[in-house]
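Chemist: File data_19.txt follows (compact mmCIF, C-alpha atoms):
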```txt
# COMPACT_ATOMS: atom_id res chain seq x y z
CA MET A 1168 -14.87 -2.88 -10.91
CA ALA A 1169 -16.14 -1.98 -7.49
CA ARG A 1170 -14.18 -2.02 -4.33
CA PHE A 1171 -15.99 -2.19 -1.03
CA LEU A 1172 -15.61 -0.55 2.30
CA TYR A 1173 -16.97 -2.74 5.02
CA GLN A 1174 -18.67 -0.98 7.86
CA VAL A 1175 -18.27 -3.03 11.03
CA THR A 1176 -21.15 -2.28 13.37
CA LYS A 1177 -21.43 -3.09 17.04
CA ASP A 1178 -23.07 -6.41 16.32
CA GLU A 1179 -20.23 -7.26 13.91
CA GLY A 1180 -22.60 -7.19 10.96
CA GLY A 1181 -21.23 -5.85 7.70
CA LYS A 1182 -22.39 -3.43 5.09
CA ARG A 1183 -20.77 -2.96 1.70
CA VAL A 1184 -20.25 0.47 0.24
CA PRO A 1185 -19.35 0.32 -3.44
CA GLY A 1186 -16.70 2.63 -4.77
CA ASP A 1187 -14.96 3.25 -8.06
CA GLY A 1188 -11.43 2.87 -9.22
CA GLN A 1189 -9.42 2.35 -12.32
CA ASN A 1190 -7.79 -1.04 -11.70
CA VAL A 1191 -5.03 -0.20 -14.15
CA GLY A 1192 -2.39 -2.11 -12.23
CA ALA A 1193 -4.51 -5.10 -11.26
CA ARG A 1194 -2.70 -7.73 -13.31
CA CYS A 1195 1.03 -7.24 -12.64
CA ALA A 1196 3.13 -8.88 -9.96
CA LEU A 1197 3.47 -6.28 -7.23
CA VAL A 1198 5.83 -5.55 -4.35
CA VAL A 1199 5.22 -2.81 -1.79
CA LEU A 1200 8.20 -1.34 0.08
CA ILE A 1201 7.65 -0.40 3.72
CA ASN A 1202 9.70 0.74 6.69
CA GLY A 1203 9.18 2.18 10.14
CA GLY A 1204 8.01 5.44 8.59
CA THR A 1205 5.19 3.78 6.69
CA ALA A 1206 2.20 4.95 8.68
CA SER A 1207 -1.53 5.41 8.78
CA ALA A 1208 -3.06 5.57 5.30
CA SER A 1209 0.05 3.90 3.89
CA GLU A 1210 -0.52 1.00 6.25
CA ILE A 1211 -4.07 0.74 4.97
CA VAL A 1212 -2.76 0.36 1.44
CA ALA A 1213 0.08 -2.01 2.27
CA GLY A 1214 -2.05 -4.04 4.67
CA ALA A 1215 -4.90 -4.39 2.21
CA LEU A 1216 -2.63 -5.51 -0.60
CA GLN A 1217 -0.81 -7.96 1.66
CA ASP A 1218 -3.98 -9.38 3.15
CA ARG A 1219 -5.61 -9.83 -0.23
CA GLY A 1220 -2.53 -11.71 -1.42
CA ARG A 1221 -2.05 -9.07 -4.07
CA ALA A 1222 1.39 -7.92 -3.05
CA ILE A 1223 4.22 -8.94 -0.81
CA LEU A 1224 5.75 -6.40 1.53
CA ILE A 1225 9.51 -5.96 1.57
CA GLY A 1226 11.25 -3.72 4.05
CA ASP A 1227 13.94 -3.34 6.69
CA HIS A 1228 11.42 -2.78 9.47
CA PRO A 1229 7.73 -3.33 10.24
CA SER A 1230 5.45 -0.37 9.55
CA TYR A 1231 4.70 2.27 12.14
CA GLY A 1232 1.59 0.70 13.63
CA LYS A 1233 -0.56 3.78 13.65
CA GLY A 1234 -4.02 2.34 13.88
CA SER A 1235 -5.89 5.21 15.41
CA VAL A 1236 -5.80 8.07 12.99
CA GLN A 1237 -7.65 11.16 12.03
CA LEU A 1238 -9.29 10.48 8.71
CA VAL A 1239 -9.68 13.32 6.26
CA TYR A 1240 -12.30 12.85 3.55
CA ASP A 1241 -12.47 15.14 0.53
CA LEU A 1242 -16.09 16.03 -0.09
CA SER A 1243 -17.46 16.80 -3.53
CA ASP A 1244 -18.08 20.44 -2.70
CA GLY A 1245 -14.41 21.00 -1.98
CA SER A 1246 -14.65 20.94 1.78
CA SER A 1247 -13.17 18.19 3.89
CA LEU A 1248 -14.41 16.08 6.74
CA HIS A 1249 -12.13 15.07 9.59
CA ILE A 1250 -13.02 12.01 11.62
CA THR A 1251 -11.06 10.56 14.48
CA SER A 1252 -11.28 6.87 13.95
CA ALA A 1253 -11.02 4.17 16.56
CA ARG A 1254 -9.09 1.37 14.90
CA TRP A 1255 -8.08 0.12 11.51
CA PHE A 1256 -8.53 -3.42 10.40
CA THR A 1257 -7.36 -5.01 7.18
CA PRO A 1258 -9.89 -7.00 5.15
CA ASP A 1259 -9.03 -10.12 7.15
CA ARG A 1260 -9.61 -8.16 10.36
CA ALA A 1261 -5.97 -8.05 11.36
CA GLN A 1262 -5.37 -5.09 13.59
CA ILE A 1263 -2.77 -2.62 12.43
CA ASP A 1264 -2.68 -0.57 15.61
CA GLN A 1265 0.50 -0.76 17.67
CA GLN A 1266 2.13 -3.75 16.04
CA GLY A 1267 2.47 -2.55 12.49
CA LEU A 1268 2.62 -4.62 9.35
CA GLN A 1269 5.28 -7.29 9.11
CA PRO A 1270 7.28 -7.42 5.89
CA ASP A 1271 7.02 -10.74 4.07
CA ILE A 1272 10.71 -10.33 3.35
CA LEU A 1273 12.76 -8.53 6.00
CA VAL A 1274 15.89 -6.97 4.55
CA GLU A 1275 18.92 -6.18 6.62
CA ILE A 1276 20.50 -2.86 5.77
CA THR A 1277 24.26 -3.25 5.86
CA GLN A 1278 26.97 -0.72 6.59
CA ALA A 1279 28.58 -1.51 3.28
CA GLY A 1280 25.29 -0.90 1.53
CA ILE A 1281 24.90 2.49 3.17
CA GLU A 1282 28.48 3.50 2.39
CA ASN A 1283 28.10 2.47 -1.22
CA GLY A 1284 24.75 4.17 -1.67
CA ARG A 1285 22.88 0.95 -2.40
CA ASP A 1286 19.16 0.79 -1.81
CA GLU A 1287 19.20 -2.73 -0.47
CA VAL A 1288 15.46 -2.92 0.06
CA LEU A 1289 14.74 -1.87 -3.52
CA ASN A 1290 17.41 -4.25 -4.81
CA ARG A 1291 15.80 -7.11 -2.90
CA ALA A 1292 12.42 -6.25 -4.39
CA ILE A 1293 13.86 -6.24 -7.90
CA GLU A 1294 15.56 -9.56 -7.24
CA PHE A 1295 12.33 -11.03 -5.91
CA LEU A 1296 10.35 -9.95 -8.94
CA GLN A 1297 13.00 -11.24 -11.33
CA VAL A 1298 13.61 -14.57 -9.63
CA GLY A 1299 10.25 -15.13 -7.99
CA GLU A 1300 9.50 -17.31 -5.00
CA GLN A 1301 12.97 -18.84 -5.00
CA ALA A 1302 14.41 -15.51 -3.91
CA LYS A 1303 12.49 -15.79 -0.65
CA GLN A 1304 14.77 -18.59 0.56
CA MET B 1262 5.45 11.20 -6.64
CA SER B 1263 8.02 9.85 -9.04
CA TYR B 1264 8.34 6.78 -11.21
CA ARG B 1265 10.83 5.03 -13.45
CA LEU B 1266 11.74 1.67 -14.91
CA VAL B 1267 14.20 -0.41 -12.90
CA GLY B 1268 15.88 -3.77 -13.22
CA GLU B 1269 18.43 -5.07 -15.70
CA GLU B 1270 15.82 -5.57 -18.37
CA SER B 1271 14.00 -2.34 -17.50
CA ASN B 1272 10.79 -4.32 -17.16
CA ILE B 1273 9.90 -3.40 -13.60
CA GLY B 1274 7.97 -0.20 -12.92
CA TYR B 1275 8.94 1.61 -9.75
CA ILE B 1276 6.58 4.17 -8.21
CA ARG B 1277 7.58 6.31 -5.25
CA LEU B 1278 4.73 7.91 -3.29
CA ALA B 1279 5.68 10.13 -0.35
CA ARG B 1280 2.20 11.08 0.84
CA PHE B 1281 -1.47 10.49 -0.04
CA SER B 1282 -2.86 13.72 -1.40
CA GLY B 1283 -5.85 14.62 -3.54
CA GLU B 1284 -3.82 14.15 -6.73
CA SER B 1285 -2.30 10.82 -5.73
CA SER B 1286 -4.91 8.56 -7.25
CA GLN B 1287 -4.67 10.08 -10.71
CA GLU B 1288 -0.89 10.43 -10.48
CA VAL B 1289 -0.45 6.76 -9.61
CA ALA B 1290 -2.88 5.67 -12.33
CA ASP B 1291 -0.95 7.76 -14.87
CA ALA B 1292 2.35 6.38 -13.62
CA ILE B 1293 1.14 2.80 -13.94
CA ASN B 1294 -0.16 3.42 -17.46
CA SER B 1295 3.11 5.08 -18.51
CA LEU B 1296 5.23 2.31 -17.05
CA LEU B 1297 3.15 -0.42 -18.65
CA ALA B 1298 3.37 1.38 -21.99
CA GLU B 1299 7.15 1.56 -21.59
CA GLY B 1300 7.41 -2.20 -21.08
CA ALA B 1301 6.93 -2.73 -17.35
CA GLU B 1302 5.66 -6.21 -16.56
CA LYS B 1303 5.87 -6.00 -12.78
CA LEU B 1304 5.47 -3.17 -10.29
CA ILE B 1305 7.04 -1.86 -7.11
CA LEU B 1306 5.16 0.68 -4.99
CA ASP B 1307 7.47 2.44 -2.54
CA LEU B 1308 5.65 3.57 0.61
CA ARG B 1309 8.72 3.94 2.81
CA ASN B 1310 8.51 7.03 5.00
CA ASN B 1311 5.02 7.75 3.72
CA GLY B 1312 3.28 9.00 6.84
CA GLY B 1313 -0.22 8.84 5.38
CA GLY B 1314 -2.65 11.51 4.26
CA LEU B 1315 -6.09 11.40 2.70
CA LEU B 1316 -8.06 8.23 3.26
CA ASN B 1317 -9.89 8.59 -0.07
CA ALA B 1318 -6.58 8.74 -1.86
CA ALA B 1319 -5.26 5.66 -0.08
CA VAL B 1320 -8.33 3.63 -0.92
CA ASP B 1321 -8.33 4.74 -4.56
CA VAL B 1322 -4.63 3.97 -4.93
CA SER B 1323 -5.21 0.51 -3.46
CA ASP B 1324 -8.03 0.06 -5.91
CA HIS B 1325 -5.69 0.58 -8.87
CA PHE B 1326 -4.02 -2.69 -7.91
CA LEU B 1327 -7.11 -4.74 -7.07
CA SER B 1328 -9.83 -6.09 -9.29
CA ASP B 1329 -12.51 -6.05 -6.60
CA GLY B 1330 -13.17 -6.66 -2.94
CA PRO B 1331 -12.55 -4.85 0.36
CA ILE B 1332 -9.72 -2.45 1.08
CA PHE B 1333 -10.14 -1.96 4.78
CA VAL B 1334 -12.59 -2.34 7.60
CA PRO B 1335 -13.10 0.56 9.98
CA GLY B 1336 -13.80 -1.02 13.32
CA HIS B 1337 -14.83 -0.14 16.83
CA LYS B 1338 -13.73 -1.89 19.93
CA ARG B 1339 -16.28 -1.96 22.75
```
Represent the structure from my file as structure tokens, please.
Modeler:
Amino acid sequence: MARFLYQVTKDEGGKRVPGDGQNVGARCALVVLINGGTASASEIVAGALQDRGRAILIGDHPSYGKGSVQLVYDLSDGSSLHITSARWFTPDRAQIDQQGLQPDILVEITQAGIENGRDEVLNRAIEFLQVGEQAKQ
Amino acid sequence: MSYRLVGEESNIGYIRLARFSGESSQEVADAINSLLAEGAEKLILDLRNNGGGLLNAAVDVSDHFLSDGPIFVPGHKR
């Protein structure tokens, strides 16, 4: 199945570039964990999955908000291409720069959790997947 | 990258990815396949403290979880 990269030109027209992928995890319920250290390419992934309604984001903090990045492309001859990009947009054109991605479920890390070595964000994700939408309340 | 089953019924696959490198796409695909084979019915992708990396890798990893459609839109502000 193809995935597309949309090229946004000055006149806001679009152009689809087909790509390839394996889609092996396309049918399972999915949660992505983020925090303030989730940046750049990670925000692309999390933002795309959130925007497409494919995954919910769970974390104790919004993502970093690094929207202007240096992109590094691997080329087929083994060399790499570095491009300084202007801005990132998710498929629905939401801008990642500066604000970061907002978790769908914001988890509060507690002192007790830290002292007892609990990963409260992961636990919340497990609970969400086991209980479903009800766990959002 | 690491992965394991989590949850009381061990039916949730957990994948931890610290960075997007050239091997990430295949590693994540392999992890998903392993977890599904071991009984995972749902997935958690942990991108906490993942500062980024290769764009190609990020797009391909996203693609493992999507059936089709756009991943991102590179844009320019006037």
Chemist: State, in Å with one decimal place, the distance from CA of Val1212 (chain A) to CA of Gly1299 (chain A).
Modeler: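 Between these atoms lies a distance of 22.3 Å.
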Chemist: What does the distance from CA of Leu1296 (chain A) to CA of Leu1296 (chain B) come to in Å, to one decimal?
Modeler: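 We find that CA of Leu1296 (chain A) and CA of Leu1296 (chain B) lie 15.6 Å from each other.
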Chemist: For Ala1301 (chain B), list every protein, DNA or RNA residue within 10 Å, evaluated using only C-alpha atoms, and leave out those in the same chain fewer than 5 positions away; present the list as a CSV table (one decimal) with C-alpha atoms, in the coordinates of the input.
Modeler:
```csv
chain,number,residue,atom,x,y,z
A,1195,CYS,CA,1.0,-7.2,-12.6
B,1265,ARG,CA,10.8,5.0,-13.4
B,1266,LEU,CA,11.7,1.7,-14.9
B,1267,VAL,CA,14.2,-0.4,-12.9
B,1268,GLY,CA,15.9,-3.8,-13.2
B,1270,GLU,CA,15.8,-5.6,-18.4
B,1271,SER,CA,14.0,-2.3,-17.5
B,1272,ASN,CA,10.8,-4.3,-17.2
B,1273,ILE,CA,9.9,-3.4,-13.6
B,1274,GLY,CA,8.0,-0.2,-12.9
B,1275,TYR,CA,8.9,1.6,-9.8
B,1293,ILE,CA,1.1,2.8,-13.9
B,1294,ASN,CA,-0.2,3.4,-17.5
B,1295,SER,CA,3.1,5.1,-18.5
B,1296,LEU,CA,5.2,2.3,-17.0
```
Chemist: Determine, counting all atoms listed in the file, which protein, DNA and RNA residues have an atom within 8 Å of an atom of region 1268-1282 of chain A; residues of the same chain fewer than 6 positions away are not included. Present the result as a ChimeraX atom specification.
Modeler: /A:1201,1210,1213-1214,1223-1232,1288,1291,1303
Chemist: Residues within 8 Å of Asp1307 (chain B), please, as a list in words. Count all atoms listed in the file; anything in the same chain fewer than 2 positions from it doesn't count.
Modeler: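 Everything that qualifies: Val1199, Leu1200 and Ile1201 of chain A; Tyr1275, Ile1276, Arg1277, Leu1278, Ile1305 and Arg1309 of chain B.
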Chemist: Any chance you can output those residues with C-alpha atoms as a PDB file, in the frame of the given file?
Modeler:
```
ATOM      1  CA  VAL A1199       5.220  -2.810  -1.790  1.00  0.00           C
ATOM      2  CA  LEU A1200       8.200  -1.340   0.080  1.00  0.00           C
ATOM      3  CA  ILE A1201       7.650  -0.400   3.720  1.00  0.00           C
TER       4      ILE A1201
ATOM      5  CA  TYR B1275       8.940   1.610  -9.750  1.00  0.00           C
ATOM      6  CA  ILE B1276       6.580   4.170  -8.210  1.00  0.00           C
ATOM      7  CA  ARG B1277       7.580   6.310  -5.250  1.00  0.00           C
ATOM      8  CA  LEU B1278       4.730   7.910  -3.290  1.00  0.00           C
ATOM      9  CA  ILE B1305       7.040  -1.860  -7.110  1.00  0.00           C
ATOM     10  CA  ARG B1309       8.720   3.940   2.810  1.00  0.00           C
TER      11      ARG B1309
END
```
Chemist: Which of these, A:Ser1243, A:Gln1266, A:Asn1283, A:Gln1297, has the shortest distance to chain B once you count all atoms listed in the file?
Modeler: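 Ranking A:Ser1243, A:Gln1266, A:Asn1283, A:Gln1297 by distance to chain B, first place goes to A:Gln1297.
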Chemist: Can you tell me, as AutoDock Vina command-line options, the centre and edge lengths (Å, one decimal) of the axis-aligned box enclosing all of region 1289-1300 of chain A's listed atoms after padding each side by 8 Å?
Modeler:
```
--center_x 13.5 --center_y -9.6 --center_z -7.1 --size_x 23.9 --size_y 31.4 --size_z 24.4
```
Chemist: One number please: CA of Lys1303 (chain B) to CA of Arg1285 (chain A), in Å, one decimal.
Modeler: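 Atom-to-atom, CA of Lys1303 (chain B) to CA of Arg1285 (chain A), that is 21.1 Å.
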Chemist: So, counting all atoms listed in the file, which residue among B:Gly1313, B:Gly1283, B:Ala1292, B:Leu1308 is closest to His1325 (chain B)?
Modeler: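 Counting all atoms listed in the file, the residue closest to His1325 (chain B) is B:Ala1292.
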Chemist: Compare B:Leu1327, B:Glu1288, B:Ala1298, B:Phe1281 by their minimum atom-to-atom distance to Gly1314 (chain B), counting only C-alpha atoms, and give me the closest one.
Modeler: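 Ranked by minimum distance to Gly1314 (chain B), first place goes to B:Phe1281.
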Chemist: Calculated over all atoms listed in the file, which of the candidates B:Ser1286, B:Ala1318, B:Gly1312, B:Asp1291 has the smallest distance to chain A?
Modeler: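 Closest candidate: B:Gly1312.
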